[in-house]
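Colleague: First, the structure itself, so that you have it in front of you.
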Amino acid sequence: MKSALFLAKYLEYKGVDHVFELIGGMITHIIDAIDTETNIKIISCHHEQSSGFAAEGYARVKGIPGVALATSGPGATNLITSIGSCYFDSIPTIFITGQVNTYELKKDKNIRQLGFQETDIISIVEPICKSVFQVEKSQDLPEILENAFHIALQGRQGPCVIDIPMNIQSEIIRDGLVGKYLKTYSKLNFQNKKPSSEENTTDLLDIKLNLLQEEISISKKPLLLAGGGCSNFHNRNSSKKIIEYLNLPVVNSLMGTDILPYNHPLRVGFIGSYGNRWANKLLADSDLLITIGSRLDIRQTGSDLNGFCNNKKIWQIDIDENEIGLRFSPTNSIKTSIVSFEKKIRNLSFKLNSNMENWSNKIQSLKNEYPSENEYKKIENEINPIKLLKELSCYNSKPKIYITDVGQHQMWSAQSLQLKIKDRFITSGGMGAMGFGLPAAIGSFYGSQEEEILLISGDGSFQLNIQELETVKRNNIPIKIILFNNYCHGMVRQFQDSYFKGNTQSTLKGYSAPDFVKIAKAYGIQAFNILSFKNISKSLEFLFSTSDPVLLEIPLSRHSNVYPKMAFGRKFGDMEPEIKPTQMEST
């Protein structure tokens with residue numbers, strides 16, 4: 001069997017039903033084999049970065065590795081941002097790049113390039129991959145594919161890159177290998193991958209779990225922090241069971257936004273740099289914090305680590321031992337996967353302190369005191385984006401997948417969307433990549449094909465991959481786009497106002513945005529402006545009644561800000577605009 005055909009068949013046997021790519025000469029063998037010999041649908045994008053983000057969106061909602069393909073040279077290097085996004089957010093993906101013929105590779109020669117478009121993509125992306133492979137012999141391809149799929153899904157998940165020279169794509173793989181890897185295997189059992197990091201001994205783990213039970217029982221103000229690991233496709237059910245067993249109030253990081261529905265009695269809110277004001281105040285006041293699947297980076301703790309840790313015991317539960325105690329030493333830790341942790345505590349009894357009612361009352365009191373829609377400081381008669389997002393998320397009961405780009409709209413969404421039990425919230429966390437939203441929405445649609453897909457974007461982010469509107473129209477993908485347009489790079493402009501005396505170079509000065517409604521219509525997509533809140537209900541009614549893609553643009557002031565915002569340099573829990581920062585932070 002020809003190597004390219006084996007690759008195509010292998011992907012199909014593993015349950016992959018869509019792949020994402022931008023065509024190039026060095027992947028034509030593979031594209032032809034997938035198209036003519038499998039039922040896999042090829043989704044052609046207009047930029048390789050978009051193909052990678054689409055594969056990421058697909059993996060996030062389907063739970064199997066997303067697959068993106070690109071040609072050699074610029075095709076491969078254009079994947080780098082999306083590879084990094086999958087690596088930082090622990091998304092299982094397989095990136096397949098074409099390469100020049102083996103006899104055109106420069107190898108150890110002291111030259112820059114031998115073959116046309118030859119680029120050593122393996123060396124470039126190795127630091128942001130779980131594993132990388134360059135196929136040197138066609139007979140190695142089956143085992144490389146098997147290893148890549150296994151590694152992507154094992155332990156803390158992430159991307160793998162396979163670079164395949166063009167002449168190897170057309171070589172023949174002997175029948176014995178074909179039979180071993182195609183006829184014996186069928187589809188991967190994605191649920192049975194063993195985590196790579198566990199507690200060393202059962203006795204030690206039992207001691208720690210007994211201690212955890214004791215500390216929960218004496219804590220008067222406990223919180224559980226659900227991080228991005230909790231929201232991972234394979235961890236979601238186990239995470240919800242852990243929350244049920246522990247029965248503690250839950251705060252979430254940006255990446256853990258969708259782990260509990262808005263009306264869940266244990267849900268507290270979103271914490272961190274732009275977190276809900278009440279959630280950060282409660283986190284500052286807590287005496288026990290149990291973190292699950294969260295690396296506790298500076299956007300969650302702020303710069304005041306002593307204040308964050310003050311008067312509280314902190315437990316860190318994570319599959320990646322390198323993340324435990326990275327910035328400060330937790331009181332205790334458990335190295336394990338979320339799935340394994342759930343199994344270990346399911347038969348344990350966790351008793352709560354008799355004073356928990358006082359803590360629950362304080363949580364509710366602070367939530368009532370600081371309604372999120374009051375945080376937006378309106379200018380003139382513009383629409384309050386937080387009120388609009390609440391209205392959007394409450395419109396009907398059908399499950400929705402919310403995808404955001406990166407910027408002010410991302411934080412408004414995490415602060416205010418009233419997610420229901422089956423809703424998902426997908427965003428670029430660790431990489432924080434503008435341009436993520438539209439292609440990720442495309443991939444999420446093909447990974448789901450059931451839920452409504454709602455993209456929330458801003459004018460700055462949207463322009464980075466706006467060309468994928470053509471992909472949406474060509475494939476008639478019913479994505480609903482909510483586009484907040486403040487005619488600037490709003491989050492960085494807010495940063496400049498705070499720290500650079502309002503010098504808005506490149507955010508206001510040197511920046512402009514087109515007429516998005518006209519552009520969407522030029523692609524054949526229905527589009528409208530919403531200029532007044534009184535038009536919201538009618539606009540949402542149309543948005544959810546049509547099976548076509550639609551863009552709704554919401555103009556905002558150039559001086560719109562995201563509040564609350566952590567006041568860096570102040571004690572943890574102090575937030576802008578009431579309290580001014582004394583230190584500069586990342587945006």
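Labeling convention for the structure tokens: chains A, B, ... as they appear, residues from 1 per chain, ligands from 1 in order of appearance.
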With DSSP run on the backbone, what are the helix (DSSP H, G or I) residues within stretch 373-434 of chain A? I'd like them as a PyMOL selection string.
Modeller: chain A and resi 373-375+385-393+408-416
Colleague: Could you give me, as CSV, a per-residue list for stretch 231-301 of chain A showing, wherever an atom lies at most 7 Å from an atom of stretch 420-443 of chain A, the closest pair of atoms and their distance in Å to one decimal, using only C-alpha atoms and sorting by chain then residue number from low to high?
Modeller:
```
residue,atom,partner,partner_atom,distance
A:Met255,CA,A:Gly429,CA,6.4
A:Thr257,CA,A:Phe425,CA,6.5
A:Asp258,CA,A:Phe425,CA,5.4
A:Leu260,CA,A:Ile421,CA,6.7
A:Pro261,CA,A:Lys420,CA,4.6
A:Tyr262,CA,A:Lys420,CA,6.2
```
Colleague: So which one's closest to A:Leu552, A:Ala567, A:Ile482, A:Leu141, A:Met584? Using only C-alpha atoms, please.
Modeller: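 The answer is A:Ile482, which sits nearest to A:Leu552.
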Colleague: Quick one: residues within 6 Å of stretch 229-244 of chain A, only C-alpha atoms, excluding same-chain residues fewer than 3 positions away - as a PDB file with all heavy atoms, in the first residue's frame?
Modeller:
```pdb
ATOM      1  N   GLY A  63     -13.006  15.297  21.240  1.00  0.00           N
ATOM      2  CA  GLY A  63     -12.267  14.453  22.150  1.00  0.00           C
ATOM      3  C   GLY A  63     -11.279  13.517  21.497  1.00  0.00           C
ATOM      4  O   GLY A  63     -10.668  12.693  22.167  1.00  0.00           O
ATOM      5  N   ALA A 226     -11.308  25.269  39.869  1.00  0.00           N
ATOM      6  CA  ALA A 226     -11.340  24.404  38.690  1.00  0.00           C
ATOM      7  C   ALA A 226     -10.601  25.099  37.554  1.00  0.00           C
ATOM      8  O   ALA A 226     -11.018  26.157  37.080  1.00  0.00           O
ATOM      9  CB  ALA A 226     -12.787  24.117  38.276  1.00  0.00           C
ATOM     10  N   ASN A 247     -18.204  18.792  47.432  1.00  0.00           N
ATOM     11  CA  ASN A 247     -19.330  19.654  47.812  1.00  0.00           C
ATOM     12  C   ASN A 247     -18.862  21.013  48.330  1.00  0.00           C
ATOM     13  O   ASN A 247     -19.415  21.563  49.285  1.00  0.00           O
ATOM     14  CB  ASN A 247     -20.193  18.948  48.863  1.00  0.00           C
ATOM     15  CG  ASN A 247     -21.559  19.592  49.013  1.00  0.00           C
ATOM     16  OD1 ASN A 247     -22.100  20.166  48.050  1.00  0.00           O
ATOM     17  ND2 ASN A 247     -22.122  19.514  50.208  1.00  0.00           N
ATOM     18  N   GLY A 256     -11.394  27.205  32.790  1.00  0.00           N
ATOM     19  CA  GLY A 256     -12.374  26.343  33.447  1.00  0.00           C
ATOM     20  C   GLY A 256     -13.764  26.951  33.496  1.00  0.00           C
ATOM     21  O   GLY A 256     -14.617  26.507  34.274  1.00  0.00           O
ATOM     22  N   ILE A 259     -17.065  24.583  33.346  1.00  0.00           N
ATOM     23  CA  ILE A 259     -17.146  23.320  34.081  1.00  0.00           C
ATOM     24  C   ILE A 259     -18.454  23.203  34.858  1.00  0.00           C
ATOM     25  O   ILE A 259     -18.966  22.102  35.071  1.00  0.00           O
ATOM     26  CB  ILE A 259     -15.914  23.134  34.999  1.00  0.00           C
ATOM     27  CG1 ILE A 259     -15.833  21.672  35.465  1.00  0.00           C
ATOM     28  CG2 ILE A 259     -15.927  24.106  36.143  1.00  0.00           C
ATOM     29  CD1 ILE A 259     -15.723  20.661  34.351  1.00  0.00           C
ATOM     30  N   GLY A 293      -6.173  20.927  38.211  1.00  0.00           N
ATOM     31  CA  GLY A 293      -5.909  21.206  36.805  1.00  0.00           C
ATOM     32  C   GLY A 293      -5.617  22.659  36.514  1.00  0.00           C
ATOM     33  O   GLY A 293      -5.938  23.159  35.447  1.00  0.00           O
ATOM     34  N   VAL A 339      -8.994  12.076  36.196  1.00  0.00           N
ATOM     35  CA  VAL A 339      -9.767  10.833  36.137  1.00  0.00           C
ATOM     36  C   VAL A 339      -9.347   9.906  37.276  1.00  0.00           C
ATOM     37  O   VAL A 339     -10.193   9.321  37.968  1.00  0.00           O
ATOM     38  CB  VAL A 339      -9.578  10.137  34.767  1.00  0.00           C
ATOM     39  CG1 VAL A 339     -10.222   8.756  34.766  1.00  0.00           C
ATOM     40  CG2 VAL A 339     -10.169  10.994  33.648  1.00  0.00           C
ATOM     41  N   GLU A 342     -10.538  11.229  40.743  1.00  0.00           N
ATOM     42  CA  GLU A 342     -11.969  10.966  40.980  1.00  0.00           C
ATOM     43  C   GLU A 342     -12.186   9.532  41.459  1.00  0.00           C
ATOM     44  O   GLU A 342     -12.976   9.278  42.379  1.00  0.00           O
ATOM     45  CB  GLU A 342     -12.760  11.230  39.694  1.00  0.00           C
ATOM     46  CG  GLU A 342     -14.268  11.071  39.832  1.00  0.00           C
ATOM     47  CD  GLU A 342     -14.736   9.650  39.551  1.00  0.00           C
ATOM     48  OE1 GLU A 342     -14.231   9.042  38.593  1.00  0.00           O
ATOM     49  OE2 GLU A 342     -15.623   9.151  40.295  1.00  0.00           O
TER      50      GLU A 342
END
```
Colleague: Residues at most 7 Å from A:Arg277, counting only C-alpha atoms, excluding those fewer than 4 positions away in the same chain, as a PyMOL selection string?
Modeller: chain A and resi 281+370+564
Colleague: Residues at most 12 Å from stretch 572-577 of chain A, counting only C-alpha atoms, excluding those fewer than 5 positions away in the same chain, as a ChimeraX atom specification?
Modeller: /A:271-286,298-310,375-377,494,498,561-567,582
Colleague: Quick one: pick out all strand (DSSP E or B) residues within stretch 382-563 of chain A from a backbone DSSP run and write them as an MDAnalysis selection string.
Modeller: chainID A and resid 400:404 424:426 452:458 480:485 505 509 526:529 550:555
Colleague: If you count only C-alpha atoms, which residues fall within 12 Å of A:Glu382, apart from same-chain ones fewer than 4 positions away, as a count of residues only?
Modeller: 21
Colleague: From the set A:Phe542, A:Tyr487, A:Phe88, A:Tyr58, which residue has the shortest atom-to-atom contact distance to A:Val16, counting only C-alpha atoms?
Modeller: A:Tyr58
Colleague: Taking only C-alpha atoms into account, which of A:Lys480, A:Ser349, A:Lys14, A:Ser3 comes nearest A:Leu177?
Modeller: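 Answer, going by the shortest atom-to-atom distance: A:Ser3.
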Colleague: Fewer than 6 positions away in the same chain doesn't count, so skip those; otherwise give me all residues within 10 Å of A:Lys473, counting only C-alpha atoms, as JSON, numbers by chain.
Modeller: {"A": [479, 520, 523, 524, 525, 548, 549]}
